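> File entry_13.cif below, mmCIF, C-alpha atoms and all ligand atoms:
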```
data_protein
#
loop_
_atom_site.label_atom_id
_atom_site.label_comp_id
_atom_site.auth_asym_id
_atom_site.auth_seq_id
_atom_site.Cartn_x
_atom_site.Cartn_y
_atom_site.Cartn_z
CA MET A 125 183.04 -97.74 12.04
CA SER A 126 183.74 -95.00 14.58
CA ASP A 127 182.39 -91.50 14.88
CA VAL A 128 183.77 -88.44 16.60
CA VAL A 129 181.57 -85.48 17.54
CA LEU A 130 183.45 -82.23 18.10
CA LEU A 131 181.44 -80.92 21.06
CA GLY A 132 183.68 -77.87 21.19
CA THR A 133 186.65 -76.45 19.29
CA GLY A 134 187.23 -73.27 21.29
CA GLY A 135 189.65 -72.50 24.07
CA TRP A 136 187.23 -70.62 26.26
CA ASN A 137 184.67 -68.81 24.17
CA TRP A 138 185.16 -67.37 20.71
CA PRO A 139 183.69 -64.77 20.54
CA ASN A 140 184.64 -63.75 24.04
CA PRO A 141 181.53 -61.99 25.41
CA PHE A 142 183.68 -59.23 26.90
CA CYS A 143 185.74 -58.60 23.78
CA ARG A 144 185.16 -56.23 20.85
CA CYS A 145 188.21 -57.15 18.76
CA ALA A 146 187.79 -57.63 15.00
CA SER A 147 187.95 -61.40 15.38
CA CYS A 148 185.19 -61.52 18.04
CA GLU A 149 183.07 -59.02 16.10
CA TRP A 150 183.41 -61.17 12.99
CA ALA A 151 182.43 -64.34 14.92
CA ARG A 152 179.38 -62.58 16.38
CA ALA A 153 178.23 -61.31 13.00
CA ALA A 154 178.81 -64.68 11.34
CA GLY A 155 177.14 -66.58 14.20
CA GLU A 156 180.21 -68.81 14.37
CA THR A 157 180.59 -69.61 18.04
CA ARG A 158 183.09 -71.98 19.61
CA THR A 159 183.17 -73.24 23.18
CA ASN A 160 185.47 -75.45 25.35
CA SER A 161 187.39 -78.09 23.39
CA SER A 162 185.91 -81.54 23.77
CA ALA A 163 185.29 -84.61 21.60
CA LEU A 164 182.91 -87.52 22.02
CA VAL A 165 184.01 -90.81 20.47
CA ASP A 166 181.30 -93.37 19.60
CA GLY A 167 179.14 -91.86 22.33
CA THR A 168 181.37 -93.80 24.75
CA VAL A 169 184.58 -91.86 25.38
CA LEU A 170 184.44 -88.18 26.25
CA LEU A 171 187.68 -86.23 25.88
CA ASP A 172 187.71 -83.27 28.28
CA CYS A 173 184.61 -81.80 29.84
CA GLY A 174 184.83 -78.05 30.46
CA PRO A 175 181.89 -76.08 31.84
CA ASP A 176 180.39 -75.47 28.37
CA VAL A 177 180.44 -79.13 27.33
CA PRO A 178 177.14 -80.37 28.83
CA GLY A 179 175.38 -77.37 27.23
CA ALA A 180 177.10 -78.04 23.91
CA ALA A 181 175.90 -81.66 24.02
CA VAL A 182 172.37 -80.33 24.54
CA ARG A 183 172.67 -77.83 21.67
CA HIS A 184 174.07 -80.40 19.26
CA GLY A 185 171.46 -83.00 20.22
CA VAL A 186 174.02 -85.50 21.48
CA PRO A 187 173.16 -87.53 24.60
CA LEU A 188 175.98 -88.32 27.02
CA ASP A 189 174.31 -91.27 28.77
CA GLY A 190 176.51 -93.76 26.92
CA VAL A 191 179.79 -92.28 28.19
CA ARG A 192 181.84 -94.96 30.02
CA LEU A 193 185.22 -93.22 29.97
CA LEU A 194 185.90 -89.55 30.62
CA LEU A 195 189.48 -88.62 29.78
CA LEU A 196 190.70 -85.35 31.27
CA THR A 197 193.84 -83.68 29.97
CA HIS A 198 194.43 -81.32 32.89
CA ALA A 199 192.91 -79.28 35.68
CA HIS A 200 192.54 -75.91 33.91
CA ALA A 201 188.97 -74.71 34.34
CA ASP A 202 188.17 -74.84 30.61
CA HIS A 203 188.78 -78.61 30.61
CA VAL A 204 187.04 -79.84 33.77
CA SER A 205 183.61 -79.38 35.34
CA PRO A 206 183.14 -81.99 38.08
CA GLN A 207 179.52 -80.92 38.60
CA VAL A 208 178.71 -82.88 35.46
CA LEU A 209 178.79 -85.96 37.72
CA THR A 210 175.81 -84.53 39.60
CA LEU A 211 173.88 -84.07 36.36
CA ARG A 212 174.55 -87.71 35.59
CA HIS A 213 173.53 -88.76 39.10
CA TRP A 214 170.22 -86.87 38.80
CA ALA A 215 169.47 -88.84 35.65
CA GLY A 216 169.83 -92.04 37.67
CA ARG A 217 172.70 -93.38 35.58
CA ALA A 218 174.07 -96.39 37.40
CA GLU A 219 176.31 -97.77 34.63
CA PRO A 220 180.02 -97.78 35.40
CA LEU A 221 182.03 -94.70 34.46
CA VAL A 222 185.79 -94.29 34.66
CA VAL A 223 187.06 -90.73 35.03
CA ALA A 224 190.78 -90.67 34.23
CA GLY A 225 193.20 -87.77 34.33
CA PRO A 226 196.29 -86.31 35.96
CA PRO A 227 196.24 -86.01 39.79
CA ALA A 228 195.09 -82.36 40.02
CA ALA A 229 192.18 -82.96 37.62
CA ILE A 230 191.08 -86.09 39.49
CA ALA A 231 191.33 -84.32 42.86
CA LEU A 232 188.74 -81.77 41.68
CA HIS A 233 186.21 -84.59 41.19
CA GLU A 234 186.58 -86.27 44.58
CA HIS A 235 183.77 -84.36 46.31
CA TRP A 236 181.37 -84.92 43.43
CA VAL A 237 181.37 -88.71 43.39
CA ASP A 238 178.40 -90.51 44.94
CA PRO A 239 179.98 -93.21 47.11
CA ALA A 240 177.09 -95.56 46.25
CA GLY A 241 177.48 -94.96 42.49
CA ALA A 242 179.64 -96.75 39.97
CA VAL A 243 182.03 -93.88 39.19
CA GLU A 244 185.70 -94.76 39.46
CA LEU A 245 188.32 -92.02 39.57
CA ARG A 246 191.66 -93.06 38.11
CA THR A 247 194.86 -91.05 38.18
CA VAL A 248 197.03 -91.24 35.06
CA LEU A 249 200.48 -89.92 34.28
CA PRO A 250 202.30 -89.86 30.93
CA GLY A 251 202.89 -93.43 29.77
CA ASP A 252 199.86 -94.87 31.63
CA LYS A 253 197.15 -96.81 29.80
CA VAL A 254 193.43 -96.95 30.52
CA THR A 255 191.23 -99.55 28.85
CA VAL A 256 187.42 -99.44 29.07
CA ASP A 257 185.00 -101.47 26.90
CA GLY A 258 187.74 -102.10 24.33
CA TYR A 259 188.75 -98.42 24.08
CA GLU A 260 192.43 -98.05 24.84
CA ALA A 261 193.80 -94.66 25.88
CA ARG A 262 197.48 -93.85 26.40
CA ALA A 263 198.45 -90.68 28.24
CA LEU A 264 201.28 -88.74 26.58
CA PRO A 265 203.30 -85.79 27.90
CA ALA A 266 202.01 -82.27 27.15
CA ALA A 267 204.11 -79.10 27.12
CA HIS A 268 201.63 -77.29 29.33
CA GLY A 269 200.80 -76.60 32.93
CA ASP A 270 201.48 -74.54 35.98
CA ALA A 271 201.20 -74.75 39.77
CA ILE A 272 197.43 -75.33 39.50
CA THR A 273 197.52 -78.19 37.04
CA GLY A 274 200.74 -80.01 37.83
CA THR A 275 201.26 -82.64 35.13
CA CYS A 276 199.14 -82.30 31.96
CA VAL A 277 198.60 -85.03 29.39
CA LEU A 278 197.47 -85.60 25.81
CA TYR A 279 195.73 -88.79 24.70
CA ASP A 280 196.32 -91.43 22.08
CA LEU A 281 193.03 -93.32 21.77
CA THR A 282 192.30 -96.52 19.86
CA THR A 283 188.68 -97.63 19.40
CA PRO A 284 187.66 -101.32 19.34
CA ASP A 285 187.52 -101.21 15.52
CA GLY A 286 191.09 -99.89 15.34
CA THR A 287 190.39 -96.21 14.63
CA ARG A 288 193.29 -94.17 16.01
CA LEU A 289 192.96 -90.66 17.37
CA LEU A 290 195.40 -88.17 18.85
CA TYR A 291 193.84 -85.57 21.13
CA ALA A 292 196.49 -82.88 21.58
CA THR A 293 195.33 -79.92 23.66
CA ASP A 294 196.57 -78.06 25.64
CA THR A 295 200.22 -78.09 24.65
CA GLY A 296 203.10 -76.04 23.36
CA PRO A 297 205.42 -77.61 20.75
CA LEU A 298 205.09 -81.39 21.15
CA PRO A 299 207.70 -82.82 23.55
CA ALA A 300 210.27 -85.26 22.14
CA GLU A 301 208.78 -88.09 24.26
CA THR A 302 205.35 -87.42 22.72
CA LEU A 303 206.78 -87.51 19.20
CA ALA A 304 208.58 -90.77 20.07
CA ALA A 305 205.36 -92.25 21.50
CA THR A 306 203.38 -91.34 18.35
CA ASP A 307 206.02 -92.65 15.94
CA GLY A 308 204.44 -94.54 13.04
CA ARG A 309 200.91 -94.29 14.44
CA ALA A 310 199.38 -93.04 11.15
CA TYR A 311 196.37 -91.65 13.02
CA ASP A 312 192.94 -91.43 11.45
CA LEU A 313 192.31 -88.15 13.26
CA VAL A 314 194.60 -85.63 14.94
CA LEU A 315 192.85 -82.97 16.98
CA LEU A 316 195.62 -80.44 17.46
CA GLU A 317 195.37 -77.22 19.35
CA GLU A 318 195.90 -73.85 17.67
CA THR A 319 195.10 -71.28 20.31
CA PHE A 320 196.83 -68.06 19.37
CA GLY A 321 196.92 -67.44 15.60
CA ASP A 322 199.72 -65.00 14.79
CA TRP A 323 199.87 -63.59 18.30
CA PRO A 324 203.49 -63.79 19.46
CA GLY A 325 204.53 -65.75 22.52
CA SER A 326 202.13 -68.70 22.33
CA GLU A 327 204.90 -71.14 23.24
CA ALA A 328 205.56 -69.25 26.47
CA HIS A 329 201.92 -69.86 27.39
CA GLY A 330 202.08 -73.58 26.65
CA HIS A 331 200.04 -73.33 23.47
CA LEU A 332 200.48 -73.29 19.71
CA GLY A 333 199.94 -70.45 17.26
CA LEU A 334 199.59 -70.92 13.51
CA ARG A 335 203.36 -71.13 12.99
CA GLU A 336 203.91 -73.67 15.78
CA PHE A 337 200.85 -75.61 14.61
CA GLY A 338 202.42 -75.96 11.15
CA GLU A 339 205.72 -77.04 12.67
CA ALA A 340 203.92 -79.59 14.88
CA VAL A 341 202.18 -81.06 11.80
CA ALA A 342 205.58 -81.25 10.04
CA ALA A 343 207.04 -83.10 13.06
CA LEU A 344 204.08 -85.51 13.10
CA ARG A 345 204.56 -86.11 9.36
CA ARG A 346 208.27 -86.76 9.80
CA ASN A 347 207.52 -89.53 12.32
CA ALA A 348 204.60 -90.92 10.27
CA ALA A 349 202.06 -90.09 12.99
CA VAL A 350 200.31 -88.03 10.30
CA ALA A 351 199.97 -89.96 7.05
CA GLY A 352 198.21 -89.30 3.74
CA HIS A 353 194.81 -90.41 5.09
CA THR A 354 195.06 -88.53 8.42
CA ARG A 355 192.57 -85.77 9.04
CA VAL A 356 194.15 -82.96 11.03
CA VAL A 357 191.61 -80.68 12.68
CA ALA A 358 192.40 -77.53 14.66
CA THR A 359 190.89 -77.13 18.10
CA HIS A 360 191.16 -74.91 21.23
CA LEU A 361 190.79 -71.88 18.95
CA GLY A 362 190.88 -68.45 20.51
CA ASP A 363 190.10 -64.92 19.39
CA HIS A 364 193.73 -64.08 18.60
CA ASN A 365 193.06 -66.02 15.41
CA PRO A 366 192.05 -64.22 12.22
CA PRO A 367 188.38 -64.40 11.18
CA GLY A 368 187.14 -67.79 9.98
CA PRO A 369 187.69 -67.67 6.20
CA GLU A 370 191.27 -66.42 6.60
CA LEU A 371 191.89 -68.97 9.39
CA ALA A 372 190.54 -71.79 7.21
CA ARG A 373 192.91 -70.73 4.41
CA ARG A 374 195.88 -70.58 6.76
CA LEU A 375 195.12 -74.00 8.27
CA GLY A 376 194.48 -75.41 4.79
CA ALA A 377 198.06 -74.55 3.86
CA HIS A 378 199.09 -76.95 6.65
CA GLY A 379 196.75 -79.65 5.32
CA ALA A 380 194.50 -79.02 8.33
CA GLU A 381 190.79 -78.33 8.62
CA LEU A 382 188.71 -75.78 10.45
CA LEU A 383 185.39 -77.40 11.40
CA PRO A 384 182.44 -75.93 13.27
CA ASP A 385 181.44 -77.00 16.78
CA GLY A 386 179.10 -79.95 16.50
CA ALA A 387 180.84 -81.41 13.43
CA VAL A 388 180.69 -85.20 13.16
CA LEU A 389 183.56 -87.17 11.60
CA THR A 390 183.27 -90.83 10.68
CA PHE A 391 186.04 -93.39 10.25
CA PRO A 392 186.77 -94.93 7.88
CA GLY A 393 185.60 -91.97 5.87
CA PRO A 394 186.77 -89.44 3.34
CA GLY A 395 190.34 -88.33 3.96
CA PRO A 396 191.60 -84.76 4.01
CA ARG A 397 190.37 -82.71 1.08
CA THR A 398 193.13 -80.14 1.03
CA VAL A 399 195.51 -80.55 -1.90
CA ALA A 400 198.48 -78.21 -1.95
CA PRO A 401 198.95 -76.26 -5.22
CA GLN A 402 202.15 -77.25 -6.93
CA ARG A 403 203.53 -73.90 -8.16
CA VAL A 404 202.80 -70.74 -6.20
CA LEU A 405 204.13 -67.27 -6.97
CA ILE A 406 203.89 -64.66 -4.23
CA LEU A 407 204.36 -61.04 -5.26
CA GLY A 408 204.63 -58.02 -3.02
CA GLY A 409 206.43 -54.80 -2.28
CA ALA A 410 209.24 -54.43 0.23
CA ARG A 411 208.18 -55.52 3.75
CA SER A 412 204.73 -56.49 2.51
CA GLY A 413 204.87 -59.89 4.22
CA LYS A 414 205.56 -61.91 1.06
CA SER A 415 208.46 -63.95 2.50
CA LEU A 416 206.49 -64.75 5.66
CA GLU A 417 203.53 -65.89 3.57
CA ALA A 418 205.80 -68.09 1.47
CA GLU A 419 207.39 -69.66 4.56
CA HIS A 420 204.01 -70.18 6.19
CA ARG A 421 202.79 -72.21 3.22
CA LEU A 422 205.50 -74.81 3.68
CA LEU A 423 205.74 -74.99 7.48
CA ALA A 424 203.83 -78.28 7.71
CA GLU A 425 206.04 -80.00 5.12
CA PRO A 426 208.35 -82.63 6.63
CA GLU A 427 211.25 -81.38 4.49
CA VAL A 428 211.85 -78.10 2.67
CA VAL A 429 214.77 -76.75 0.66
CA TYR A 430 215.07 -73.01 1.09
CA VAL A 431 216.75 -71.50 -1.95
CA ALA A 432 218.39 -68.17 -1.22
CA THR A 433 219.11 -66.56 -4.58
CA SER A 434 221.53 -64.08 -3.09
CA LEU A 435 225.18 -64.89 -2.91
CA GLN A 436 226.13 -63.36 0.40
CA THR A 437 228.98 -60.90 0.11
CA GLU A 438 231.15 -60.51 3.15
CA ASP A 439 231.38 -56.73 3.03
CA ASP A 440 227.67 -55.99 3.45
CA ALA A 441 226.99 -56.19 7.20
CA GLU A 442 223.37 -55.06 6.98
CA TRP A 443 222.56 -57.65 4.35
CA ALA A 444 224.34 -60.41 6.32
CA GLU A 445 222.31 -59.50 9.40
CA ARG A 446 219.05 -59.66 7.43
CA VAL A 447 219.94 -63.05 6.01
CA ALA A 448 220.86 -64.34 9.49
CA LEU A 449 217.53 -63.10 10.86
CA HIS A 450 215.56 -64.85 8.13
CA ARG A 451 217.54 -68.02 8.70
CA ALA A 452 216.83 -67.96 12.46
CA ARG A 453 213.11 -67.65 11.72
CA ARG A 454 213.00 -70.77 9.55
CA PRO A 455 212.43 -74.24 11.05
CA ALA A 456 215.64 -76.04 12.00
CA ALA A 457 214.70 -78.97 9.75
CA TRP A 458 214.84 -76.83 6.59
CA GLN A 459 217.87 -77.12 4.38
CA THR A 460 219.27 -73.87 2.96
CA VAL A 461 220.91 -73.68 -0.45
CA GLU A 462 222.46 -70.45 -1.71
CA THR A 463 222.48 -70.52 -5.47
CA LEU A 464 221.46 -68.70 -8.64
CA ASP A 465 221.32 -71.96 -10.54
CA LEU A 466 217.57 -72.57 -10.34
CA VAL A 467 216.99 -74.65 -13.48
CA PRO A 468 218.78 -77.83 -12.28
CA LEU A 469 216.94 -77.61 -8.93
CA LEU A 470 213.57 -77.43 -10.67
CA ALA A 471 214.50 -80.32 -12.94
CA THR A 472 215.33 -82.76 -10.12
CA GLU A 473 212.84 -84.48 -7.79
CA GLY A 474 212.94 -83.71 -4.10
CA PRO A 475 211.29 -81.88 -1.23
CA PRO A 476 209.41 -78.63 -1.86
CA LEU A 477 211.46 -75.57 -2.79
CA LEU A 478 211.03 -72.09 -1.41
CA VAL A 479 212.71 -69.65 -3.78
CA ASP A 480 213.42 -66.27 -2.17
CA CYS A 481 213.56 -64.39 -4.37
CA LEU A 482 213.21 -64.14 -8.17
CA THR A 483 214.10 -60.45 -8.12
CA LEU A 484 217.65 -61.15 -6.95
CA TRP A 485 217.93 -64.06 -9.36
CA LEU A 486 217.00 -61.71 -12.21
CA ALA A 487 219.42 -59.03 -11.07
CA ALA A 488 222.28 -61.45 -11.75
CA GLY A 489 221.55 -61.38 -15.51
CA TYR A 490 218.46 -59.53 -16.66
CA GLU A 491 219.76 -58.68 -20.13
CA ASP A 492 219.85 -62.34 -21.15
CA PRO A 493 216.47 -63.48 -22.56
CA ALA A 494 217.71 -67.10 -22.94
CA ARG A 495 218.38 -67.32 -19.20
CA ILE A 496 214.85 -66.12 -18.46
CA ASP A 497 213.25 -68.46 -21.02
CA ALA A 498 215.09 -71.43 -19.51
CA LEU A 499 213.70 -70.62 -16.05
CA VAL A 500 210.14 -70.23 -17.32
CA THR A 501 210.37 -73.57 -19.16
CA ALA A 502 211.78 -75.32 -16.08
CA TRP A 503 208.96 -73.77 -14.01
CA ARG A 504 206.39 -75.16 -16.42
CA ARG A 505 207.88 -78.65 -16.44
CA THR A 506 208.85 -79.08 -12.79
CA ARG A 507 207.37 -81.90 -10.72
CA ARG A 508 208.43 -80.35 -7.45
CA ARG A 509 206.24 -78.32 -5.16
CA LEU A 510 207.40 -74.72 -5.44
CA VAL A 511 206.74 -71.47 -3.68
CA ALA A 512 208.59 -68.46 -5.05
CA VAL A 513 208.73 -64.85 -3.97
CA SER A 514 209.19 -61.88 -6.26
CA ASN A 515 208.98 -58.12 -5.94
CA GLU A 516 206.12 -56.12 -7.36
CA VAL A 517 207.82 -52.87 -8.30
CA GLY A 518 205.97 -51.55 -11.34
CA SER A 519 203.77 -49.14 -9.39
CA GLY A 520 206.67 -47.52 -7.54
CA VAL A 521 208.69 -44.46 -8.49
CA VAL A 522 210.14 -44.59 -12.02
CA PRO A 523 213.82 -45.48 -11.64
CA ALA A 524 216.17 -42.57 -12.34
CA THR A 525 218.65 -44.53 -14.44
CA GLU A 526 218.27 -46.23 -17.78
CA SER A 527 219.56 -49.55 -16.38
CA GLY A 528 217.11 -49.19 -13.47
CA ARG A 529 214.22 -48.80 -15.90
CA ALA A 530 215.44 -51.73 -18.00
CA PHE A 531 215.60 -53.94 -14.88
CA ARG A 532 212.14 -52.88 -13.74
CA ASP A 533 210.73 -53.76 -17.17
CA ALA A 534 212.52 -57.12 -17.22
CA LEU A 535 211.17 -57.94 -13.75
CA GLY A 536 207.64 -57.10 -14.85
CA ARG A 537 208.02 -59.47 -17.82
CA LEU A 538 209.55 -62.24 -15.66
CA ASN A 539 206.74 -61.97 -13.07
CA ALA A 540 204.13 -62.17 -15.82
CA ALA A 541 205.78 -65.18 -17.46
CA ILE A 542 206.18 -67.08 -14.16
CA ALA A 543 202.63 -66.13 -13.10
CA ALA A 544 201.29 -67.57 -16.36
CA GLU A 545 202.90 -70.92 -15.49
CA SER A 546 201.83 -70.97 -11.82
CA ASP A 547 198.89 -72.77 -10.24
CA GLU A 548 198.33 -69.91 -7.81
CA VAL A 549 199.48 -66.29 -7.79
CA TRP A 550 199.15 -64.07 -4.71
CA LEU A 551 199.87 -60.43 -3.94
CA THR A 552 200.68 -59.40 -0.37
CA VAL A 553 199.80 -55.91 0.79
CA ALA A 554 200.17 -54.80 4.42
CA GLY A 555 200.70 -58.42 5.43
CA ILE A 556 197.44 -59.52 3.80
CA PRO A 557 197.72 -61.98 0.90
CA GLN A 558 195.26 -61.49 -1.95
CA ARG A 559 194.77 -64.23 -4.48
CA LEU A 560 195.25 -63.03 -8.08
CA ARG A 561 194.99 -66.41 -9.75
ZN ZN A 601 192.62 -74.91 27.64
ZN ZN A 602 195.25 -75.34 29.85
#
```
Could you spell out this file's structure in structure tokens?

Amino acid sequence: MSDVVLLGTGGWNWPNPFCRCASCEWARAAGETRTNSSALVDGTVLLDCGPDVPGAAVRHGVPLDGVRLLLLTHAHADHVSPQVLTLRHWAGRAEPLVVAGPPAAIALHEHWVDPAGAVELRTVLPGDKVTVDGYEARALPAAHGDAITGTCVLYDLTTPDGTRLLYATDTGPLPAETLAATDGRAYDLVLLEETFGDWPGSEAHGHLGLREFGEAVAALRRNAAVAGHTRVVATHLGDHNPPGPELARRLGAHGAELLPDGAVLTFPGPGPRTVAPQRVLILGGARSGKSLEAEHRLLAEPEVVYVATSLQTEDDAEWAERVALHRARRPAAWQTVETLDLVPLLATEGPPLLVDCLTLWLAAGYEDPARIDALVTAWRRTRRRLVAVSNEVGSGVVPATESGRAFRDALGRLNAAIAAESDEVWLTVAGIPQRLR
């Protein structure tokens, strides 16, 4: 049996005391505070120790006297606080302690070590192993760092009872060497950073946003580092994220959890509780964010078939450009199929389908009720995971032509019929998804 205490799940502080953004204001009002990312394993191994960590241990009622191995990921100031060694010294702790980390992080600790004490500083680089009291840590490459930090690492930790943990902060998209080193690990717990929410440019800062987080989970699923029993928990959360309930929903779509600071996880224990709905219909007006929402829901899937229901015509340059843009936005691992023949796709087993969109599918034959009935029946019977997008047009201007009105009416009926056979139905307005069913 192993236990992991999340001493912190923030980057710096969320809320940021200097910030009045909606996300910080929400956190203040809700009393949901997060401080420097850190995790304590079995009271013995401490992963990262930023300046807030000793205080967090005090607040959560967790003593640190049993720590025998302190693993540091890098020298950024939210991950190290060498003065903690003085706190320990004042308490008269004479038991051995190994402090391991990349060179720049270890260098910061040199002046804080009592020469008469039993603290050993150990430099690690990607690929190195540290073993203390039966706890085995492997340093893995991180996509993070600058002139201050030099090399940064992530940790793969195995406890004496065989519990496996991946501690992955701070990092941009996981390097190929890290994915190779985690191949087949089927971790019990993955603590994965998600610093920036929907804020653009997280990769450039050596971090993950919600999109990159989903893609990282997909990559870890493809190499069996994340398995069915793996709990994936987001950490290093910053105030570019949406307020908690929305963030929890977004992470849930990736099969990941948002837990409060101080949360305790035990292994073996209950696995992840998030179960993806099988059939989801996402409605919305033009540019409402419905396609983005649909894509987001499947980002953490190891394989996805993207079904474009438009048959690209060569003479429409604007349309071709739009299609190319959408395609560039989708993960490289996704397969794209351009077809109007949805029924056979729904009837066969395979990876999840993203159907974008039903409106165009209908336009290719809206006068034929048999065609529509066949789709609705296939939707009801399918065993595949499905996310489909359709336009919500009924509240717009009444079409000027008779055929326009007939199409609008047919689309309304199709949306209602598909909605009735869906596990979840959402409406996106101004980029905000609202659950209808
Ligand atoms: Zn950090
Ligand atoms: Zn950092």
> Give me the residues of chain A that have any atom at most 9 Å from an atom of ligand ZN 602 (chain A); for each, the nearest atom pair and the distance in Å, rounded to one decimal. Use only C-alpha atoms and all ligand atoms, sort by chain and number, and format it as a tab-separated table.

```
residue	atom	partner	partner_atom	distance
A:Gly135	CA	A:ZN602	ZN	8.5
A:Thr197	CA	A:ZN602	ZN	8.5
A:His198	CA	A:ZN602	ZN	6.8
A:Ala199	CA	A:ZN602	ZN	7.4
A:His200	CA	A:ZN602	ZN	4.9
A:Ala201	CA	A:ZN602	ZN	7.7
A:Asp202	CA	A:ZN602	ZN	7.1
A:His203	CA	A:ZN602	ZN	7.3
A:His268	CA	A:ZN602	ZN	6.7
A:Gly269	CA	A:ZN602	ZN	6.5
A:Asp270	CA	A:ZN602	ZN	8.8
A:Thr273	CA	A:ZN602	ZN	8.1
A:Cys276	CA	A:ZN602	ZN	8.2
A:Thr293	CA	A:ZN602	ZN	7.7
A:Asp294	CA	A:ZN602	ZN	5.2
A:Thr295	CA	A:ZN602	ZN	7.7
A:His329	CA	A:ZN602	ZN	9.0
A:Gly330	CA	A:ZN602	ZN	7.7
A:His331	CA	A:ZN602	ZN	8.2
```
> Report, in Å with one decimal, the straight-line distance from atom CA of A:Val314 to atom CA of A:Val356.
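Atom-to-atom, atom CA of A:Val314 and atom CA of A:Val356 are spaced 4.8 Å apart.
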> Counting all atoms listed in the file, which residues of stretch 127-226 of chain A fall within 7 Å of stretch 382-389 of chain A, and what is the closest atom pair for each with its distance in Å at one decimal, ordered by chain and rising number, as a Markdown table?

```
| residue | atom | partner | partner_atom | distance |
| --- | --- | --- | --- | --- |
| A:Asp127 | CA | A:Leu389 | CA | 5.6 |
| A:Val128 | CA | A:Leu389 | CA | 5.2 |
| A:Val129 | CA | A:Val388 | CA | 4.5 |
| A:Leu130 | CA | A:Gly386 | CA | 5.2 |
| A:Leu131 | CA | A:Gly386 | CA | 5.2 |
| A:Gly132 | CA | A:Asp385 | CA | 5.0 |
| A:Thr133 | CA | A:Asp385 | CA | 5.8 |
| A:Arg158 | CA | A:Asp385 | CA | 6.0 |
| A:His184 | CA | A:Gly386 | CA | 5.8 |
```
> Do a neighbour search on A:Arg537 at 10 Å with all atoms listed in the file, toss out local chain neighbours closer than 6 positions, and write the hits as a PyMOL selection string.
chain A and resi 496+531+543
> How would the residues just picked look written out with C-alpha atoms as a PDB file, in the frame of the given file?

```pdb
ATOM      1  CA  ILE A 496     214.850 -66.120 -18.460  1.00  0.00           C
ATOM      2  CA  PHE A 531     215.600 -53.940 -14.880  1.00  0.00           C
ATOM      3  CA  ALA A 543     202.630 -66.130 -13.100  1.00  0.00           C
TER       4      ALA A 543
END
```
> Which is closer to A:Phe320 than all the others in A:Thr525, A:Thr359, A:Thr159, A:Thr506, using all atoms listed in the file?
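Among A:Thr525, A:Thr359, A:Thr159, A:Thr506, it is A:Thr359 that comes nearest to A:Phe320.
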> What is the distance, in Å and to one decimal place, between atom CA of A:Thr287 and atom CA of A:Pro401?
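Distance between the two atoms: 29.4 Å.
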> Kindly provide, as a PyMOL selection string, the polymer residues lying within 10 Å of (180.7, -99.9, 28.8), counting all atoms listed in the file and using the coordinates exactly as they appear in the file.
chain A and resi 168-169+190-193+219-222+256-259
> From the set A:Leu196, A:Leu407, A:Ala541, A:Leu264, which residue has the shortest atom-to-atom contact distance to ligand ZN 601 (chain A), counting only C-alpha atoms and all ligand atoms?
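Nearest to ligand ZN 601 (chain A): A:Leu196.
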> For stretch 175-182 of chain A, work out the shell of residues within 6 Å, counting all atoms listed in the file and skipping chain neighbours fewer than 4 positions away, then give it as a list in words.
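Surrounding residues, per the criterion: Leu131, Asn160, Val186 and Ser205 of chain A.
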> For the selection you just gave me, I'd like the residues written to a file as a PDB file, in the coordinates of the input, keeping C-alpha atoms.

```
ATOM      1  CA  LEU A 131     181.440 -80.920  21.060  1.00  0.00           C
ATOM      2  CA  ASN A 160     185.470 -75.450  25.350  1.00  0.00           C
ATOM      3  CA  VAL A 186     174.020 -85.500  21.480  1.00  0.00           C
ATOM      4  CA  SER A 205     183.610 -79.380  35.340  1.00  0.00           C
TER       5      SER A 205
END
```
> Residues at most 7 Å from A:Trp236, counting all atoms listed in the file, excluding those fewer than 3 positions away in the same chain, as an mmCIF file with C-alpha atoms, in the frame of the given file?

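The resulting out.cif:
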```
data_model
loop_
_atom_site.group_PDB
_atom_site.id
_atom_site.type_symbol
_atom_site.label_atom_id
_atom_site.label_comp_id
_atom_site.auth_asym_id
_atom_site.auth_seq_id
_atom_site.Cartn_x
_atom_site.Cartn_y
_atom_site.Cartn_z
ATOM 1 C CA PRO A 206 183.140 -81.990 38.080
ATOM 2 C CA GLN A 207 179.520 -80.920 38.600
ATOM 3 C CA LEU A 209 178.790 -85.960 37.720
ATOM 4 C CA THR A 210 175.810 -84.530 39.600
ATOM 5 C CA HIS A 233 186.210 -84.590 41.190
#
```
> Output stretch 542-546 of chain A as a tab-separated table (two decimals), in the frame of the given file, making sure N, CA and C atoms are there.

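Output contents, as saved in selection20.tsv:
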```
chain	number	residue	atom	x	y	z
A	542	ILE	N	206.25	-66.07	-15.23
A	542	ILE	CA	206.18	-67.08	-14.16
A	542	ILE	C	204.73	-67.22	-13.67
A	543	ALA	N	204.03	-66.09	-13.54
A	543	ALA	CA	202.63	-66.13	-13.10
A	543	ALA	C	201.80	-66.97	-14.05
A	544	ALA	N	202.06	-66.84	-15.35
A	544	ALA	CA	201.29	-67.57	-16.36
A	544	ALA	C	201.49	-69.08	-16.22
A	545	GLU	N	202.60	-69.49	-15.64
A	545	GLU	CA	202.90	-70.92	-15.49
A	545	GLU	C	202.69	-71.41	-14.06
A	546	SER	N	202.02	-70.59	-13.22
A	546	SER	CA	201.83	-70.97	-11.82
A	546	SER	C	200.39	-71.39	-11.56
```
